[in-house]
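Visitor: One structure, pasted below without further comment.
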Amino acid sequence: MQAVEMFCYQCEQTARNTGCTEIGVCGKDPETAALQDLLVHATKGVAKYAHRARQLGKRAAEVDRFVIRALFATVTNVDFDPVRLEMHLQEASRYRDQARQLYEGACRERGESPERLNGPTTWQPAARLEELVGQGRLVSLTSRQNGLSEDLVGLQELVLYGLKGVAAYAEHAATLGRERDDVYACFHECLDFLTQPKPGVDELLGWALRVGELNLQVMELLYEANTGSYGKQQPTAVRITPVKGKCILVSGHDLADLAELLRQTEGTGINVYTHGEMLPCHAYPELKKYPHLVGNYGGAWQDQKREFAAFPGAILMTTNCIQKPKPDYQDRIFTSGLVAWPGVRHIGPERDFRPVIEAALAAPGFAEDEEEKTILVGFGHDAVLGVADKVIEAVKAGQIRHFFLVGGCDGAESGRNYYTDFTQAVPDDCLILTLACGKYRFNKLEFGEIGGIPRLLDVGQCNDAYSAIKIASALAGAFDCGVNDLPLSMVLSWYEQKAVAILLTLLHLGIRNIRLGPRLPAFVTPPVLDVLVDKFNIMPIKTPEEDLTTILG
Ligand code: SF4
Ligand code: SF3
C-alpha cells in the first residue's frame, strides 16, 4: 500500500476545496495529520471490541470515555501536539486490550468462541513517534480510496466527521457528569460499521442520519448538563468593552473550565473575559453571579492572533479553535481539556489554574476603562418560550413576518461577509435567531425590536442548536403545522465537524430547504449531493438579495 504524506478534507477551509496535502490551512502538519489518522484507526479497534462486549452485557466506563476523547482530539483546531497524540495512541492500545478482555471474558462466560477480528483491532503501537507517523500514513483516508469509490469514501467521512462533532459535545456533557449508555453504544456500533470493507450507499446514508439522531440526544444531554450545573440561560446584557485591571480571557466551549477558573480567581482582583463561543456563559446564573466575569472580548476564533496579541493578560483555550500562537503571547496562553499546541502549557484535568493566574498577574492588564457598550445574550429556548405568547401574537397580528436562523461556525474567507450582508438585508418585520461563533459577523450591529422582542436573539453556543430546534418545534406546535411549513428559514455557515453533526441532526429531523455556505463540503461528491438535494432540498447560499427574494417571495 502506498503511504501518502497527508490528505485531509474534514473542514470547510480545506485547500482548493479538495484537500490539504502538504500542510493544513489550519496549521496541521503532515506528522500530526498522520497521528490523528492513526488515532481514529486505533479508536475503531477499541470500539469494535467495546461494541461486542456491550452486546454481551459488559462495558467499562473508562473505555467509553476514551472513545469520545480520542475522536474529539481529532476535530479541527483541537490537538496539534504530536506528543499528546502519542499519549492518546498509547492509551488506545491499552483500552483496546481492556475492551478485548471484556469481550473475550464475556464469551467465555457463555461458552462461546469470540469472533476473530482484524483490521484496526490488530494494530500495535510502534515504539517511537516517527514510526507511529509511518503507521498513520498507512491508514490515512487515501488508503481507503484505493478500494472504494470516491462517493463511498466521502459518505464514510460524512458519518465519521459527524461522529467527531458529537464526541465533542458528549465529552463536555460527561465532564459535567452527564453520560448515557445508549450514546456510548451508538458510538461503538457506528465506529464498528465504519470498518466494514464494502458499505453500501443506503447503509451509509442511514448511518449519517443516525449520527444526526445521536447528536440530538447528546445536545440534549449537554443542555441538561449545562443548565443542571449553572442554571437556565437568562437574557443578559454583556459588556463588550474592557475594564481597567488584570485580566484572563477564556475561549472555547467548556463551561466547567470557566466555572472553576472563576472560583479560583475570586478575590484576586483579576477580571475574567469570555472569547468566541464562551460568550453565552454570561447568561447562566451560576456563572454570571461572579462580579469579576466582566465581559466579552474580541470576536470569533479566526481573529485570535490579532486579538490575543492585543489582550494584556493570560489566555485559556478550553476547546477549539486554537491557531498557532504568535510569539507575542506564546508565554501567556494555556490549553485545557483536549486542546493542545506544542510548547503551550497545558492545564491538566485537576484544573489547577495557578499558572494562568500567575501569568495574568505578570501581564500589564487594561490601563483604563473603555466606554461601556453591551450586547444581549441568553435567548435559549427557556427564555424564548417564556415569551412565546407574545411571539405568537406578533405573528398572528402580522408584526413578525418571518423567522431566520442565521448561524453556525465562522471562518476566515471573505465569502463569509454574506452572513453580515444577509442579516442586514433582512426586513424589519422579521426576527433573526443566531448561534455559534458565526454570529460575530453581526452580533454587535443594531437590529432594534418588534413589540418589545429584540429582533436578534442569541440562542447560544453551537450545541444550543438544541434550543433552536425546541423553539422551532414549539412554534410548529402553536401554529399546528410542521417545522418545514413554518415561516422559518435556516441559513447556516459551517467550518468544522460539530457543524456537520448539527447539519445531520437537522436532516434527521426531516428539515428541508437549508441554505449552507460559504461552500459545500469537499467530501460530499456530486452524486451524494444529488441525493441530499433530492431528499432535503439542501442548497448552497447564493447572494443575500437572491436568497431573500426566494425565501420571502
Ligand atoms: Fe485542512 Fe481543515 Fe484538515 Fe486542517 S482540518 S488539514 S484545514 S482540511
Ligand atoms: Fe466556532 Fe471553532 Fe465551530 Fe462551536 S469556535 S462553532 S468554528
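If you're wondering about the labels, chains in the C-alpha cells are A, B, ... by order shown, residues count from 1 in each chain, ligands from 1 in order shown.
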Per residue of chain A within 7 Å of ligand 1, which atom pair is closest and at what distance in Å (one decimal), using only C-alpha atoms and all ligand atoms, listed by chain and increasing number, as JSON lines?

Guide:
```
{"residue": "A:Cys8", "atom": "CA", "partner": "ligand 1", "partner_atom_place_in_ligand_line": "3 (Fe)", "distance": 4.3}
{"residue": "A:Tyr9", "atom": "CA", "partner": "ligand 1", "partner_atom_place_in_ligand_line": "8 (S)", "distance": 3.8}
{"residue": "A:Gln10", "atom": "CA", "partner": "ligand 1", "partner_atom_place_in_ligand_line": "8 (S)", "distance": 4.7}
{"residue": "A:Cys11", "atom": "CA", "partner": "ligand 1", "partner_atom_place_in_ligand_line": "2 (Fe)", "distance": 4.0}
{"residue": "A:Glu12", "atom": "CA", "partner": "ligand 1", "partner_atom_place_in_ligand_line": "2 (Fe)", "distance": 6.3}
{"residue": "A:Gln13", "atom": "CA", "partner": "ligand 1", "partner_atom_place_in_ligand_line": "7 (S)", "distance": 5.3}
{"residue": "A:Thr14", "atom": "CA", "partner": "ligand 1", "partner_atom_place_in_ligand_line": "8 (S)", "distance": 3.8}
{"residue": "A:Ala15", "atom": "CA", "partner": "ligand 1", "partner_atom_place_in_ligand_line": "1 (Fe)", "distance": 6.2}
{"residue": "A:Gly19", "atom": "CA", "partner": "ligand 1", "partner_atom_place_in_ligand_line": "8 (S)", "distance": 5.8}
{"residue": "A:Cys20", "atom": "CA", "partner": "ligand 1", "partner_atom_place_in_ligand_line": "1 (Fe)", "distance": 4.5}
{"residue": "A:Ile23", "atom": "CA", "partner": "ligand 1", "partner_atom_place_in_ligand_line": "6 (S)", "distance": 6.5}
{"residue": "A:Gly24", "atom": "CA", "partner": "ligand 1", "partner_atom_place_in_ligand_line": "6 (S)", "distance": 3.4}
{"residue": "A:Val25", "atom": "CA", "partner": "ligand 1", "partner_atom_place_in_ligand_line": "7 (S)", "distance": 4.0}
{"residue": "A:Cys26", "atom": "CA", "partner": "ligand 1", "partner_atom_place_in_ligand_line": "7 (S)", "distance": 4.1}
{"residue": "A:Gly27", "atom": "CA", "partner": "ligand 1", "partner_atom_place_in_ligand_line": "4 (Fe)", "distance": 6.4}
{"residue": "A:Lys28", "atom": "CA", "partner": "ligand 1", "partner_atom_place_in_ligand_line": "6 (S)", "distance": 5.4}
{"residue": "A:Thr76", "atom": "CA", "partner": "ligand 1", "partner_atom_place_in_ligand_line": "5 (S)", "distance": 4.4}
{"residue": "A:Asn77", "atom": "CA", "partner": "ligand 1", "partner_atom_place_in_ligand_line": "5 (S)", "distance": 6.8}
```

Visitor: What lies within 6 Å of stretch 318-320 of chain A using only C-alpha atoms, ignoring chain neighbours under 4 positions off, as a list in words?

Guide: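 The filter keeps Asn77, Val78, Gly252, His253, Asp254, Thr335, Ser336 and Val339 of chain A.
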
Visitor: Output as a Markdown table one row per residue of chain A within 7 Å of ligand 2: the closest atom pair and its distance in Å to one decimal place, counting only C-alpha atoms and all ligand atoms, sorted by chain and residue number ascending.

Guide:
```
| residue | atom | partner | partner_atom_place_in_ligand_line | distance |
| --- | --- | --- | --- | --- |
| A:Gly252 | CA | ligand 2 | 5 (S) | 6.1 |
| A:His253 | CA | ligand 2 | 4 (Fe) | 6.7 |
| A:Gly276 | CA | ligand 2 | 5 (S) | 6.3 |
| A:Glu277 | CA | ligand 2 | 5 (S) | 5.6 |
| A:Ala300 | CA | ligand 2 | 5 (S) | 6.8 |
| A:Trp301 | CA | ligand 2 | 5 (S) | 5.6 |
| A:Asn320 | CA | ligand 2 | 2 (Fe) | 5.2 |
| A:Cys321 | CA | ligand 2 | 2 (Fe) | 4.3 |
| A:Gly408 | CA | ligand 2 | 6 (S) | 6.0 |
| A:Cys409 | CA | ligand 2 | 3 (Fe) | 3.9 |
| A:Asp410 | CA | ligand 2 | 7 (S) | 5.3 |
| A:Gly411 | CA | ligand 2 | 7 (S) | 6.7 |
| A:Ala436 | CA | ligand 2 | 6 (S) | 4.7 |
| A:Cys437 | CA | ligand 2 | 1 (Fe) | 4.4 |
| A:Gly438 | CA | ligand 2 | 1 (Fe) | 6.8 |
| A:Gln461 | CA | ligand 2 | 4 (Fe) | 5.7 |
| A:Cys462 | CA | ligand 2 | 4 (Fe) | 4.3 |
| A:Asn463 | CA | ligand 2 | 4 (Fe) | 6.8 |
| A:Tyr495 | CA | ligand 2 | 7 (S) | 5.6 |
| A:Glu496 | CA | ligand 2 | 3 (Fe) | 5.5 |
| A:Lys498 | CA | ligand 2 | 3 (Fe) | 6.3 |
| A:Ala499 | CA | ligand 2 | 3 (Fe) | 6.3 |
```

Visitor: Taking 5 positions as the minimum chain separation for residues in the same chain, which residues sit within 9 Å of stretch 533-546 of chain A when counting only C-alpha atoms? Answer as an NGL selection string.

Guide: :A and (418-419 or 421-423 or 425-426 or 491-492 or 507 or 510-520 or 528 or 551)

Visitor: For the structure I just gave you, how does DSSP split stretch 222-408 of chain A - specifically, which residues are strand (DSSP E or B)? Reply as a count of residues only.

Guide: 42

Visitor: If we count only C-alpha atoms and set the cut-off at 12 Å, which residues sit around A:Lys232, ignoring sequence neighbours fewer than 2 positions away in its own chain? Please answer as a compact mmCIF listing (two decimals) with N, CA, C and O atoms, in the first residue's frame.

Guide:
```
# COMPACT_ATOMS: atom_id res chain seq x y z
N TYR A 223 -27.31 20.10 27.15
CA TYR A 223 -28.21 21.15 27.66
C TYR A 223 -28.53 20.85 29.13
O TYR A 223 -28.47 21.73 29.99
N GLU A 224 -28.85 19.58 29.42
CA GLU A 224 -29.17 19.22 30.81
C GLU A 224 -27.95 19.39 31.71
O GLU A 224 -28.06 19.83 32.85
N ALA A 225 -26.77 19.06 31.16
CA ALA A 225 -25.54 19.21 31.95
C ALA A 225 -25.27 20.68 32.25
O ALA A 225 -25.00 21.05 33.40
N ASN A 226 -25.38 21.52 31.23
CA ASN A 226 -25.09 22.95 31.43
C ASN A 226 -26.12 23.60 32.35
O ASN A 226 -25.76 24.32 33.28
N THR A 227 -27.40 23.34 32.08
CA THR A 227 -28.42 24.01 32.89
C THR A 227 -28.50 23.38 34.29
O THR A 227 -28.75 24.07 35.27
N GLY A 228 -28.24 22.07 34.36
CA GLY A 228 -28.24 21.41 35.67
C GLY A 228 -27.13 21.95 36.56
O GLY A 228 -27.28 22.08 37.78
N SER A 229 -26.01 22.31 35.96
CA SER A 229 -24.87 22.80 36.74
C SER A 229 -24.93 24.30 36.96
O SER A 229 -24.52 24.80 38.01
N TYR A 230 -25.39 25.04 35.96
CA TYR A 230 -25.25 26.50 36.03
C TYR A 230 -26.58 27.25 35.89
O TYR A 230 -26.57 28.48 35.82
N GLN A 234 -30.49 33.10 30.93
CA GLN A 234 -31.43 34.23 31.09
C GLN A 234 -30.96 35.35 30.19
O GLN A 234 -29.75 35.58 30.06
N PRO A 235 -31.89 36.11 29.59
CA PRO A 235 -31.48 37.26 28.79
C PRO A 235 -30.59 38.18 29.64
O PRO A 235 -30.95 38.54 30.76
N THR A 236 -29.43 38.51 29.11
CA THR A 236 -28.42 39.23 29.89
C THR A 236 -27.67 40.20 28.99
O THR A 236 -27.29 39.84 27.87
N PRO A 280 -21.96 32.95 25.46
CA PRO A 280 -23.23 32.65 26.13
C PRO A 280 -23.08 32.36 27.62
O PRO A 280 -24.08 32.36 28.35
N CYS A 281 -21.87 32.11 28.10
CA CYS A 281 -21.68 31.80 29.53
C CYS A 281 -22.21 32.92 30.42
O CYS A 281 -22.63 32.67 31.56
N HIS A 282 -22.22 34.15 29.92
CA HIS A 282 -22.70 35.28 30.72
C HIS A 282 -24.17 35.14 31.08
O HIS A 282 -24.65 35.86 31.96
N ALA A 283 -24.88 34.27 30.38
CA ALA A 283 -26.33 34.15 30.61
C ALA A 283 -26.68 33.12 31.67
O ALA A 283 -27.84 33.02 32.07
N TYR A 284 -25.71 32.31 32.12
CA TYR A 284 -26.01 31.26 33.09
C TYR A 284 -25.90 31.81 34.53
O TYR A 284 -24.84 32.32 34.91
N PRO A 285 -26.97 31.70 35.32
CA PRO A 285 -26.97 32.30 36.66
C PRO A 285 -25.75 31.93 37.51
O PRO A 285 -25.18 32.78 38.19
N GLU A 286 -25.34 30.67 37.46
CA GLU A 286 -24.24 30.25 38.33
C GLU A 286 -22.87 30.67 37.80
O GLU A 286 -21.85 30.44 38.44
N LEU A 287 -22.83 31.27 36.63
CA LEU A 287 -21.57 31.83 36.12
C LEU A 287 -21.62 33.35 36.22
O LEU A 287 -20.66 33.99 36.63
N LYS A 288 -22.79 33.91 35.89
CA LYS A 288 -22.86 35.37 35.90
C LYS A 288 -22.91 35.95 37.31
O LYS A 288 -22.78 37.15 37.50
N GLY A 378 -28.43 35.13 25.78
CA GLY A 378 -29.24 34.37 26.73
C GLY A 378 -30.63 33.99 26.25
O GLY A 378 -31.53 33.76 27.07
N PHE A 379 -30.81 33.88 24.93
CA PHE A 379 -32.14 33.54 24.42
C PHE A 379 -32.22 32.07 24.02
O PHE A 379 -32.56 31.72 22.89
N GLY A 380 -31.86 31.21 24.97
CA GLY A 380 -32.10 29.78 24.81
C GLY A 380 -33.60 29.54 24.80
O GLY A 380 -34.39 30.47 25.06
N HIS A 381 -34.03 28.31 24.56
CA HIS A 381 -35.48 28.09 24.41
C HIS A 381 -36.25 28.39 25.68
O HIS A 381 -37.41 28.78 25.62
N ASP A 382 -35.60 28.25 26.85
CA ASP A 382 -36.34 28.54 28.09
C ASP A 382 -36.77 30.00 28.11
O ASP A 382 -37.91 30.31 28.48
N ALA A 383 -35.86 30.89 27.70
CA ALA A 383 -36.18 32.32 27.70
C ALA A 383 -37.17 32.65 26.58
O ALA A 383 -38.16 33.35 26.79
N VAL A 384 -36.91 32.10 25.38
CA VAL A 384 -37.76 32.46 24.24
C VAL A 384 -39.17 31.90 24.45
O VAL A 384 -40.16 32.59 24.22
N GLY A 386 -40.56 31.40 27.15
CA GLY A 386 -41.17 32.18 28.22
C GLY A 386 -41.99 33.35 27.67
O GLY A 386 -42.92 33.82 28.33
N VAL A 459 -29.19 32.58 20.68
CA VAL A 459 -29.63 31.34 21.33
C VAL A 459 -28.50 30.68 22.12
O VAL A 459 -28.73 29.96 23.08
N GLY A 460 -27.23 30.92 21.71
CA GLY A 460 -26.12 30.38 22.50
C GLY A 460 -24.99 29.81 21.66
O GLY A 460 -24.71 30.29 20.56
N ASP A 464 -26.22 24.68 21.32
CA ASP A 464 -27.56 25.20 21.63
C ASP A 464 -28.45 25.19 20.39
O ASP A 464 -29.59 25.68 20.44
N SER A 467 -31.59 24.15 21.42
CA SER A 467 -32.59 25.15 21.82
C SER A 467 -33.34 25.68 20.60
O SER A 467 -34.55 25.89 20.65
```

Visitor: Work out how far atom CA of A:Ala47 is from atom CA of A:His188, in Å to one decimal.

Guide: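 Taking atom CA of A:His188 and atom CA of A:Ala47, their separation equals 4.6 Å.
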
Visitor: Write down as a PyMOL selection string the residues of stretch 96-321 of chain A whose backbone DSSP state falls under alpha helix (DSSP H).

Guide: chain A and resi 96-110+129-138+141-145+150-175+181-193+201-230+255-265+285-288+304-310

Visitor: Pick out the closest residue to A:Trp341 from this set: A:Glu62, A:Asp181, A:Glu5, A:Asp79. Count only C-alpha atoms.

Guide: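 Distance minimum relative to A:Trp341 lands on A:Asp79.
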
Visitor: Mind checking which residues fall within 10 Å of stretch 130-144 of chain A, counting only C-alpha atoms, ignoring those fewer than 4 positions away in the same chain, and posting them as a PyMOL selection string?

Guide: chain A and resi 1-9+30-42+82+86+89+120+123-126+148-150+152-154+156-157+197

Visitor: Any idea what's packed within 12 Å of A:Glu393, counting only C-alpha atoms, ignoring anything in its chain fewer than 6 positions away? Could you give it as a list of chain:residue names?

Guide: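 Residues near the query, excluding close chain neighbours: A:Val387, A:Gln399, A:Ile400, A:Arg401, A:Ile450, A:Gly451, A:Ile453, A:Leu475, A:Ala478, A:Phe479.
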